[in-house]
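Report on the following structure.
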Amino acid sequence: MQSNSFNPISSGAQMSIKAFYYDFCEFMVENFSATSDQLTLDWNCVGATARYHGQNRAFELRLWERSDGHLGIPDMTVIIHIFHISCLVPNAQEEAETVSLWIRDAAKANGFRYIANLDERPEAADNQVPECKIACLTL
C-alpha cells in the first residue's frame, strides 16, 4: 500500500476500502464472471481505486478517505470515475440501474457516507452535499 507520509490513510478507512473491494470482486465474479486479471485495487495518498475491466463493461470507483478539499468532496466518499456498459449488452439500462443500486448499498454497508459522480453537476436533491461542485449525495 502506498500512502502519503504526511497524512496516511487511517486504519478504519483502509478496512472500509478493503471490505468494499472484497464485495466489489464478489459482485463482479457472480454477475459478470470476472477473473482476477480484470479486477484491481490501486492505493493512493487519499484512498484507492477499485477497477473492473471486462468484455463490454468497465467500472472504476475511487474509494476516498479524504479529498483534501478537491471539488468540495467530503470524507469517506465513493466516486464513480468510469461507469460503462456497452449498448451491445442486452438490457443494458436495467443492468446499469442494478449495478448503480449495488454500488450505493455496498458503499453504505462498508462505511462510506457519500457517493459522487465526477461527470455530473450538483443535483437538486435533498441529500446533495452543499458546496460540492459535482453530484455528491449523502447515503
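The chains in the C-alpha cells are called A, B, ... from first to last as shown; in each chain the residues are counted from 1, and the ligands are counted from 1 in the order shown.
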Return as a tab-separated table the residues of range 85-125 of chain A lying at most 7 Å from range 11-26 of chain A, together with the closest atom-to-atom pair for each and the distance in Å to one decimal, counting only C-alpha atoms, with rows in chain order and ascending residue number.
```
residue	atom	partner	partner_atom	distance
A:Ala106	CA	A:Phe20	CA	6.6
A:Ala107	CA	A:Phe20	CA	6.7
A:Asn110	CA	A:Ser16	CA	5.3
A:Gly111	CA	A:Ser16	CA	5.8
```
**OP:** Using DSSP on the backbone coordinates, identify the residues of range 44-88 of chain A assigned to strand (DSSP E or B); present them as a list in words.
**Re:**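 Secondary structure check on range 44-88 of chain A, strand (DSSP E or B): Asn44, Gly47, Ala48, Thr49, Ala50, Arg51, Tyr52, His53, Gly54, Arg57, Ala58, Phe59, Glu60, Leu61, Arg62, Leu63, Trp64, Thr77, Val78, Ile79, Ile80, His81, Ile82, Phe83, His84 and Ile85 of chain A.
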Subject >> Nearest to Ser10 in chain A, chosen from A:Asp105, A:Glu94, A:Glu65, A:Asp119, with only C-alpha atoms counted in the distances >> reply: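 Looking only at the distances to Ser10 in chain A, the closest residue turns out to be A:Glu65.
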**OP:** Would you please give, as a VMD selection string, all residues of chain A that DSSP assigns to helix (DSSP H, G or I) based on the backbone?
**Re:** chain A and resid 11 to 32 36 to 38 70 to 72 92 to 109
Original post:
Skipping near chain neighbours, those fewer than 6 positions away, what residues fall within 10 Å of Asn117 in chain A using only C-alpha atoms, listed as a ChimeraX atom specification?
Top reply: /A:61,78-83,134-137
**OP:** Rank nothing, just name the residue among A:Leu118, A:Leu63, A:Ala96, A:Cys87 nearest to Trp43 in chain A, using only C-alpha atoms.
**Re:** A:Leu63
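With CA of Arg57 in chain A on one side and CA of Ser86 in chain A on the other, the separation reads 6.2 Å.
Counting only C-alpha atoms, the residue from A:Gln128, A:Thr98, A:Gln93, A:Thr40 that sits nearest to Glu60 in chain A is A:Thr40.
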